[in-house]
Every structure is written in C-alpha cells, then in structure tokens.
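Participant: I'd like to ask some things about the structure below.
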Amino acid sequence: MTVRSNICAMAGYVPGEQLNDPDITKLNTNENPYPPSPRVFEAIRTALTPNSLRKYPQPLGDTFRKTAGRVLNVDPDGILIGNGSDDILTILTRTFVPEGGLIASPIPSYILYRSLAEIQGAQFLSVRFSADWRTLDSWAAQANLTFLPNPNSPSGTIVDPETVTRLAKALAPAPLVLDEAYADFTSWSGLELLSSTPNLIITRTLSKSYSLAGIRFGFAIAAPELVRELAKVKDSYNCDVLSLAAATAAVEDQDYFHEVRAKIIATRVRMTQELTELGFDVLPSHANFVWCRRSDRPVKPIYEELKRRKILVRYMNYAAGPLGAPEGAYDGLRISVGTDAEIDTLLSALKAIL
Ligand code: PMP
C-alpha cells in the first residue's frame with residue numbers, strides 16, 4: 001500500500017518496556033511511585049454519569065483551564081489542553097513545521113522529537129549541550145521549531161533562565177518550546193519568562209508530578225493569540241470527560257502535590273548519594289529520575305542483570321549524531337525515583353551485582 005516513504009523509513013519511537021509482571025520493580029519510565037490525590041478518584045466517580053459519557057467533553061477544557069490558570073497564575077486563555085504532553089508536542093509540530101522544514105533539539109534528550117520530525121517529513125538537527133550541561137554549544141537559527149526539555153531527560157540537568165532567554169531571542173520569531181515535563185521537581189520554571197518572551201511556549205504533563213500517566217493529560221502555556229491558532233490544529237475533543245475531571249482535581253489539590261513532590265526529592269537525594277557511593281557517576285538531578293554512568297565498566301550488563309532480577313531501569317545509548325552528544329554522555333542508566341522500598345531493592349541488587 002502507499003504508505004508515505006518517510007514513515008516506511010523511520011524506526012518509530014519505542015516507549016520504555018512494560019512487563020506484565022506484578023513483581024517487577026519498575027523504574028524505567030519516570031512514573032510517579034505514589035498514587036494520585038484521593039480527590040482524583042472522587043472527581044472521576046462524580047463525573048461518571050450516563051449523561052456525561054453520552055455527551056462530548058468541553059472542547060477547550062475550560063474548567064481545567066480556569067483551575068490551572070489560578071494555580072499557576074497564568075491567563076486561562078493561554079492554556080491548551082492535550083492528551084498527554086506528547087499530544088501537545090504533535091500539535092506544535094503540525095502548527096509550525098512545514099514538510100521539508102527543520103526541528104532542532106539537544107542531544108541527548110527526548111527521542112520523540114526526532115520521530116515527530118520524521119512523521120512531518122521535516123529535517124531534524126541535534127545540537128550539543130555544553131560539557132557542564134548548563135547551556136547549548138550552538139543552535140539552529142533556521143529551525144521552524146526548537147524543543148528544549150528543561151529539566152532535560154535523560155540527564156536530569158537544567159539550563160538557567162538567562163540561557164533560555166538568550167536562546168529564545170536568537171530563535172525569534174520561530175518558537176522555543178520549553179518542555180517542562182519535569183519542571184515540578186526543580187526550582188525554576190519558564191513561566192516567569194512568558195510575559196517578556198513572546199516566542200516561548202511551555203509544555204507540562206500530569207504524568208509525573210501528579211501521578212496521572214495512565215490518564216493522559218498534558219497542556220501548553222503560551223500567548224493567548226497563539227493558543228487560539230493551536231486550538232485549530234488539535235482534535236476537537238482531544239481530552240475526554242474523565243481525564244478532564246481527574247486533571248482538574250489533581251491540580252486543585254496542591255497540598256497533596258507538595259507532599260508527594262517533597263518525598264520524591266528526598267528519595268532522589270538519597271539515591272544520588274548511595275549510587276555515588278557504589279561507584280556510579282551521577283549527575284545532580286532536577287527531575288524524578290537520575291542519570292548515572294560508570295567510568296570503570298559498561299553499564300549495559302548491569303541493566304541486563306537488573307532486569308533478570310525483575311528490576312527495570314532504562315538503558316540509554318545515544319549514537320553520536322552529526323554534531324554528537326557531549327563526550328561520553330551517550331551510554332548510561334536512567335533510573336526513576338521510586339518509593340524508598342523500591343530504591344532499597346534496587347540498591348541491594350546493585351551491591352550484589354557489583
Ligand atoms: N517530554 C519529556 C521530556 C518526557 O520525558 C515525556 C515522558 N516520556 C513527555 C514529554 C511525555 O509525557 P506525557 O506522558 O505527558 O505524554
């Protein structure tokens with residue numbers, strides 16, 4: 001059949017492994033180890049009526065937008081809802097990137113950006129982080145769209161507001177998308193730059209800090225006039241009635257959010273320290289995972305041995321592209337922050353393996 005040639009040619013984005021075994025310690029896809037707020041369950045039960053399922057949901061998610069606007073102190077009209085932030089990234093690509101256009105993002109970072117370029121029939125250019133991960137060595141001024149995850153995955157590192165501002169200015173009028181999937185686990189967000197940086201777009205997800213990966217809910221925050229354009233591109237009803245109710249309740253419960261966030265950050269500190277004591281090189285993380293490597297041996301056998309012991313972490317290997325990744329940065333383990341018990345299981349397995 002006549003599948004477009006660029007689709008045939010692409011490898012496709014492969015999400016982290018999902019093994020259907022209840023005994024697995026799953027630390028490979030940065031899910032939150034704690035349940036969502038109890039208010040989420042209440043909201044879903046309330047929303048689950050014959051009439052609510054029969055009718056279409058709010059197309060723009062106005063109730064969610066009002067709540068998130070209040071909590072984040074942003075204009076609700078500047079919020080675009082998505083079926084996970086992956087949906088938002090697709091909408092941005094379709095809005096800004098013509099066939100034959102150019103998408104740029106740092107390497108190593110979220111692999112989906114390259115797939116989005118391939119699906120769109122666009123070119124993809126990876127730009128390098130500096131050796132200290134705090135800035136980018138260069139950028140593609142001609143890119144139609146630049147994605148910068150901040151904090152970055154898999155490194156867990158962040159770039160500072162001055163660098164983001166400088167980059168956005170250099171790319172203007174083309175947009176800079178600050179992918180803030182993990183921003184709730186760090187100390188600053190690009191939200192503070194939005195009013196002074198018109199070509200900045202922020203994307204957020206409820207999959208990590210709000211424990212709702214199974215619900216699929218993400219959103220973008222940008223200038224209201226841009227959100228009006230993006231809304232033309234999205235599916236009319238891209239978020240369903242139950243996910244809208246769940247997302248609104250989760251964002252409303254800020255006390256619970258802060259409690260879970262604090263637990264994750266405390267475990268991250270402990271993991272970083274104990275992995276370092278075991279001889280791993282661990283980058284200081286600003287996310288709900290840590291990125292670690294070893295100078296004395298390859299990490300792939302460690303990943304395989306952990307898997308044999310039913311502990312899943314993410315082994316990542318970034319082949320150096322035309323511009324390459326920072327020296328030696330493309331082979332490591334990305335380990336999600338789990339509960340303290342899960343991290344104890346991981347650490348004792350690592351001690352046995354090493
Ligand atoms: N951006 C980054 C940097 C991510 O790591 C992820 C999670 N894989 C996403 C976006 C997508 O998150 P969501 O579950 O909201 O689609």
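Just remember, in the structure tokens the first chain shown is A, the second B, etc., residues are 1-based per chain, and ligands are 1-based in the order shown.
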Select the residues contacting ligand 1 at a distance of at most 10 Å, based on only C-alpha atoms and all ligand atoms, then format the selection as a PyMOL selection string.
Facilitator: chain A and resi 15-16+29-31+82-89+109-113+147-154+156+178-183+203-208+212-219+287
Participant: If we count only C-alpha atoms, what is near segment 118-129 of chain A at a cut-off of 8 Å, once residues fewer than 5 positions away on the same chain are taken out, given as a PyMOL selection string?
Facilitator: chain A and resi 6-7+10+93-94+97-108+134-140+321-326
Participant: Put those residues in a file: N, CA and C atoms, as a PDB file, in the first residue's frame.
Facilitator:
```pdb
ATOM      1  N   ASN A   6       8.520   8.480   4.067  1.00  0.00           N
ATOM      2  CA  ASN A   6       9.231   8.863   5.298  1.00  0.00           C
ATOM      3  C   ASN A   6       8.748   8.038   6.493  1.00  0.00           C
ATOM      4  N   ILE A   7       7.505   7.550   6.421  1.00  0.00           N
ATOM      5  CA  ILE A   7       7.012   6.693   7.514  1.00  0.00           C
ATOM      6  C   ILE A   7       7.687   5.319   7.409  1.00  0.00           C
ATOM      7  N   MET A  10      11.221   5.396   8.799  1.00  0.00           N
ATOM      8  CA  MET A  10      11.534   5.731  10.197  1.00  0.00           C
ATOM      9  C   MET A  10      11.475   4.505  11.102  1.00  0.00           C
ATOM     10  N   THR A  93       4.185  20.625  16.396  1.00  0.00           N
ATOM     11  CA  THR A  93       4.883  20.264  15.165  1.00  0.00           C
ATOM     12  C   THR A  93       3.993  20.543  13.954  1.00  0.00           C
ATOM     13  N   ARG A  94       2.741  20.131  14.050  1.00  0.00           N
ATOM     14  CA  ARG A  94       1.835  20.322  12.904  1.00  0.00           C
ATOM     15  C   ARG A  94       1.579  21.799  12.645  1.00  0.00           C
ATOM     16  N   VAL A  97       5.711  23.412  11.640  1.00  0.00           N
ATOM     17  CA  VAL A  97       6.759  22.834  10.790  1.00  0.00           C
ATOM     18  C   VAL A  97       6.199  22.369   9.446  1.00  0.00           C
ATOM     19  N   PRO A  98       6.597  23.035   8.362  1.00  0.00           N
ATOM     20  CA  PRO A  98       6.132  22.577   7.047  1.00  0.00           C
ATOM     21  C   PRO A  98       6.892  21.319   6.626  1.00  0.00           C
ATOM     22  N   GLU A  99       6.360  20.597   5.649  1.00  0.00           N
ATOM     23  CA  GLU A  99       7.112  19.474   5.086  1.00  0.00           C
ATOM     24  C   GLU A  99       8.432  20.034   4.540  1.00  0.00           C
ATOM     25  N   GLY A 100       9.519  19.357   4.850  1.00  0.00           N
ATOM     26  CA  GLY A 100      10.826  19.878   4.423  1.00  0.00           C
ATOM     27  C   GLY A 100      11.400  20.911   5.384  1.00  0.00           C
ATOM     28  N   GLY A 101      10.647  21.232   6.460  1.00  0.00           N
ATOM     29  CA  GLY A 101      11.122  22.202   7.462  1.00  0.00           C
ATOM     30  C   GLY A 101      12.172  21.585   8.378  1.00  0.00           C
ATOM     31  N   LEU A 102      12.424  22.266   9.493  1.00  0.00           N
ATOM     32  CA  LEU A 102      13.506  21.815  10.374  1.00  0.00           C
ATOM     33  C   LEU A 102      13.085  21.881  11.849  1.00  0.00           C
ATOM     34  N   ILE A 103      13.307  20.773  12.544  1.00  0.00           N
ATOM     35  CA  ILE A 103      13.115  20.732  14.003  1.00  0.00           C
ATOM     36  C   ILE A 103      14.489  20.533  14.626  1.00  0.00           C
ATOM     37  N   ALA A 104      14.760  21.265  15.711  1.00  0.00           N
ATOM     38  CA  ALA A 104      16.045  21.095  16.407  1.00  0.00           C
ATOM     39  C   ALA A 104      15.786  20.775  17.873  1.00  0.00           C
ATOM     40  N   SER A 105      16.661  19.988  18.440  1.00  0.00           N
ATOM     41  CA  SER A 105      16.620  19.749  19.895  1.00  0.00           C
ATOM     42  C   SER A 105      17.996  19.292  20.343  1.00  0.00           C
ATOM     43  N   PRO A 106      18.270  19.397  21.644  1.00  0.00           N
ATOM     44  CA  PRO A 106      19.586  18.965  22.102  1.00  0.00           C
ATOM     45  C   PRO A 106      19.726  17.447  22.085  1.00  0.00           C
ATOM     46  N   ILE A 107      20.963  17.023  22.118  1.00  0.00           N
ATOM     47  CA  ILE A 107      21.239  15.601  22.271  1.00  0.00           C
ATOM     48  C   ILE A 107      22.142  15.432  23.486  1.00  0.00           C
ATOM     49  N   PRO A 108      21.985  14.455  24.384  1.00  0.00           N
ATOM     50  CA  PRO A 108      20.844  13.554  24.375  1.00  0.00           C
ATOM     51  C   PRO A 108      19.623  14.211  25.018  1.00  0.00           C
ATOM     52  N   ARG A 134      24.996  23.083  31.072  1.00  0.00           N
ATOM     53  CA  ARG A 134      24.259  24.266  31.508  1.00  0.00           C
ATOM     54  C   ARG A 134      23.817  25.163  30.371  1.00  0.00           C
ATOM     55  N   THR A 135      24.327  24.870  29.181  1.00  0.00           N
ATOM     56  CA  THR A 135      23.902  25.675  28.036  1.00  0.00           C
ATOM     57  C   THR A 135      24.038  24.812  26.784  1.00  0.00           C
ATOM     58  N   LEU A 136      23.689  25.387  25.634  1.00  0.00           N
ATOM     59  CA  LEU A 136      23.854  24.651  24.380  1.00  0.00           C
ATOM     60  C   LEU A 136      25.036  25.240  23.632  1.00  0.00           C
ATOM     61  N   ASP A 137      25.833  24.385  23.014  1.00  0.00           N
ATOM     62  CA  ASP A 137      27.014  24.863  22.309  1.00  0.00           C
ATOM     63  C   ASP A 137      26.632  25.715  21.095  1.00  0.00           C
ATOM     64  N   SER A 138      25.497  25.359  20.478  1.00  0.00           N
ATOM     65  CA  SER A 138      25.063  26.094  19.288  1.00  0.00           C
ATOM     66  C   SER A 138      23.563  25.878  19.166  1.00  0.00           C
ATOM     67  N   TRP A 139      22.950  26.505  18.219  1.00  0.00           N
ATOM     68  CA  TRP A 139      21.547  26.224  17.941  1.00  0.00           C
ATOM     69  C   TRP A 139      21.292  26.511  16.476  1.00  0.00           C
ATOM     70  N   ALA A 140      20.155  26.001  15.981  1.00  0.00           N
ATOM     71  CA  ALA A 140      19.859  26.162  14.562  1.00  0.00           C
ATOM     72  C   ALA A 140      18.940  27.356  14.401  1.00  0.00           C
ATOM     73  N   GLY A 321      25.269  11.805  16.816  1.00  0.00           N
ATOM     74  CA  GLY A 321      24.740  12.269  15.525  1.00  0.00           C
ATOM     75  C   GLY A 321      25.784  13.128  14.844  1.00  0.00           C
ATOM     76  N   PRO A 322      25.378  13.895  13.809  1.00  0.00           N
ATOM     77  CA  PRO A 322      26.348  14.710  13.089  1.00  0.00           C
ATOM     78  C   PRO A 322      27.107  15.645  14.031  1.00  0.00           C
ATOM     79  N   LEU A 323      26.380  16.156  15.030  1.00  0.00           N
ATOM     80  CA  LEU A 323      27.056  17.049  15.968  1.00  0.00           C
ATOM     81  C   LEU A 323      27.448  16.328  17.256  1.00  0.00           C
ATOM     82  N   GLY A 324      26.958  15.108  17.399  1.00  0.00           N
ATOM     83  CA  GLY A 324      27.368  14.306  18.547  1.00  0.00           C
ATOM     84  C   GLY A 324      26.751  14.749  19.851  1.00  0.00           C
ATOM     85  N   ALA A 325      26.903  13.925  20.856  1.00  0.00           N
ATOM     86  CA  ALA A 325      26.491  14.251  22.217  1.00  0.00           C
ATOM     87  C   ALA A 325      27.748  14.668  22.965  1.00  0.00           C
ATOM     88  N   PRO A 326      27.585  15.280  24.148  1.00  0.00           N
ATOM     89  CA  PRO A 326      28.794  15.617  24.898  1.00  0.00           C
ATOM     90  C   PRO A 326      29.649  14.367  25.098  1.00  0.00           C
TER      91      PRO A 326
END
```
Participant: Return as an mmCIF file with C-alpha atoms, in the first residue's frame the full set of residues in segment 115-298 of chain A whose backbone-based DSSP assignment is strand (DSSP E or B).
Facilitator:
```cif
data_model
loop_
_atom_site.group_PDB
_atom_site.id
_atom_site.type_symbol
_atom_site.label_atom_id
_atom_site.label_comp_id
_atom_site.auth_asym_id
_atom_site.auth_seq_id
_atom_site.Cartn_x
_atom_site.Cartn_y
_atom_site.Cartn_z
ATOM 1 C CA GLN A 123 14.654 17.563 8.840
ATOM 2 C CA PHE A 124 15.943 17.032 12.350
ATOM 3 C CA LEU A 125 19.049 18.596 13.817
ATOM 4 C CA SER A 126 20.507 17.747 17.194
ATOM 5 C CA VAL A 127 22.500 20.419 18.991
ATOM 6 C CA ARG A 128 25.003 19.687 21.723
ATOM 7 C CA PHE A 129 24.849 20.581 25.357
ATOM 8 C CA LEU A 136 23.854 24.651 24.380
ATOM 9 C CA LEU A 145 10.680 24.692 15.958
ATOM 10 C CA THR A 146 13.209 24.055 18.730
ATOM 11 C CA PHE A 147 12.473 21.764 21.648
ATOM 12 C CA LEU A 148 14.411 22.171 24.886
ATOM 13 C CA PRO A 149 13.431 19.835 27.716
ATOM 14 C CA LEU A 176 11.296 27.841 21.527
ATOM 15 C CA VAL A 177 9.373 25.067 23.256
ATOM 16 C CA LEU A 178 10.452 24.551 26.826
ATOM 17 C CA ASP A 179 9.321 21.001 27.555
ATOM 18 C CA LEU A 200 8.361 30.946 24.328
ATOM 19 C CA ILE A 201 5.948 28.012 24.678
ATOM 20 C CA ILE A 202 5.868 25.879 27.810
ATOM 21 C CA THR A 203 4.604 22.308 27.878
ATOM 22 C CA ARG A 204 3.617 20.435 31.027
ATOM 23 C CA THR A 205 2.363 16.976 31.864
ATOM 24 C CA GLY A 218 -0.769 17.483 29.396
ATOM 25 C CA PHE A 219 -1.033 21.144 28.480
ATOM 26 C CA ALA A 220 0.791 24.049 26.913
ATOM 27 C CA ILE A 221 1.067 27.581 28.231
ATOM 28 C CA ASP A 281 28.948 8.918 38.219
ATOM 29 C CA VAL A 282 25.597 10.541 38.957
ATOM 30 C CA PHE A 289 14.985 10.235 37.884
ATOM 31 C CA VAL A 290 18.757 10.123 37.965
ATOM 32 C CA TRP A 291 21.173 9.547 35.112
ATOM 33 C CA CYS A 292 24.207 7.520 36.010
ATOM 34 C CA ARG A 293 27.202 6.104 34.282
#
```
Participant: Would you please give, as a PyMOL selection string, all residues of segment 78-293 of chain A that DSSP assigns to helix (DSSP H, G or I) based on the backbone?
Facilitator: chain A and resi 78+85-96+112-120+161-171+183-185+190-196+224-233+241-252+254-277
Participant: Would you work out the distance separating atom CA of Leu60 of chain A from atom CA of Pro224 of chain A, expressed in Å to one decimal?
Facilitator: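 Taking atom CA of Leu60 of chain A as the start and atom CA of Pro224 of chain A as the end point, the length is 12.6 Å.
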Participant: Can you pull out the residues contacting Lys263 of chain A? Cut-off 10 Å, using only C-alpha atoms, and skip same-chain residues under 4 positions away; I want them as a PyMOL selection string.
Facilitator: chain A and resi 34+258-259+267-268+337-340
Participant: I need the residue nearest Lys66 of chain A from this list: A:Val260, A:Leu346, A:Val251, A:Val14. Use only C-alpha atoms for the distance.
Facilitator: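 Of A:Val260, A:Leu346, A:Val251, A:Val14, the one nearest Lys66 of chain A is A:Val251, counting only C-alpha atoms.
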Participant: Excluding Val269 of chain A and residues on its chain fewer than 2 positions from it, collect all residues at most 10 Å away from it, counting only C-alpha atoms, and give them as a CSV table (one decimal) with N, CA and C atoms, in the first residue's frame.
Facilitator:
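So around-v7.csv came out as:
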```
chain,number,residue,atom,x,y,z
A,264,ILE,N,9.6,12.7,46.8
A,264,ILE,CA,10.4,12.3,45.6
A,264,ILE,C,11.7,13.0,45.7
A,265,ILE,N,11.7,14.2,46.0
A,265,ILE,CA,13.0,14.9,46.1
A,265,ILE,C,13.9,14.3,47.2
A,266,ALA,N,13.3,14.0,48.3
A,266,ALA,CA,14.1,13.4,49.4
A,266,ALA,C,14.7,12.1,48.9
A,267,THR,N,14.0,11.2,48.3
A,267,THR,CA,14.5,9.9,47.8
A,267,THR,C,15.5,10.2,46.7
A,271,MET,N,19.1,8.5,46.7
A,271,MET,CA,19.6,7.7,45.6
A,271,MET,C,20.9,8.2,45.0
A,272,THR,N,21.0,9.5,44.9
A,272,THR,CA,22.2,10.1,44.3
A,272,THR,C,23.4,9.8,45.1
A,273,GLN,N,23.2,9.9,46.4
A,273,GLN,CA,24.3,9.7,47.4
A,273,GLN,C,24.7,8.2,47.4
A,274,GLU,N,23.7,7.3,47.4
A,274,GLU,CA,24.1,5.9,47.6
A,274,GLU,C,24.6,5.4,46.2
A,284,PRO,N,23.9,15.6,39.1
A,284,PRO,CA,22.9,16.2,40.0
A,284,PRO,C,21.6,16.3,39.3
A,285,SER,N,20.5,15.7,39.8
A,285,SER,CA,19.2,15.7,39.1
A,285,SER,C,18.2,16.7,39.6
A,290,VAL,N,17.3,9.7,38.0
A,290,VAL,CA,18.8,10.1,38.0
A,290,VAL,C,19.4,9.4,36.8
A,337,VAL,N,12.9,7.7,40.2
A,337,VAL,CA,12.8,7.7,41.7
A,337,VAL,C,11.6,6.9,42.0
```
Participant: Could you tell me how far atom CA of Arg39 of chain A lies from atom CA of Ala250 of chain A, in Å and to one decimal?
Facilitator: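 We find that atom CA of Arg39 of chain A and atom CA of Ala250 of chain A lie 6.8 Å from each other.
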Participant: So, with only C-alpha atoms as the atoms that count, which of A:Ser115, A:Thr345, A:Asn238, A:Thr197 lies closest to Ala223 of chain A?
Facilitator: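 For Ala223 of chain A, the nearest of the given residues is A:Thr197.
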Participant: For a test of reading the model, state the distance in Å between atom CA of Asp62 of chain A and atom CA of Arg228 of chain A, rounded to one decimal.
Facilitator: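 Straight-line distance from atom CA of Asp62 of chain A to atom CA of Arg228 of chain A works out to 13.3 Å.
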Participant: Which residues are near Glu42 of chain A? Cut-off 9 Å, only C-alpha atoms, ignore same chain within fewer than 4 positions. Put them as an MDAnalysis selection string.
Facilitator: chainID A and resid 38 46:47 246 249
Participant: Calculated over only C-alpha atoms, which of the candidates A:Leu306, A:Gly78, A:Thr276, A:Ser336 has the smallest distance to Asn32 of chain A?
Facilitator: A:Ser336
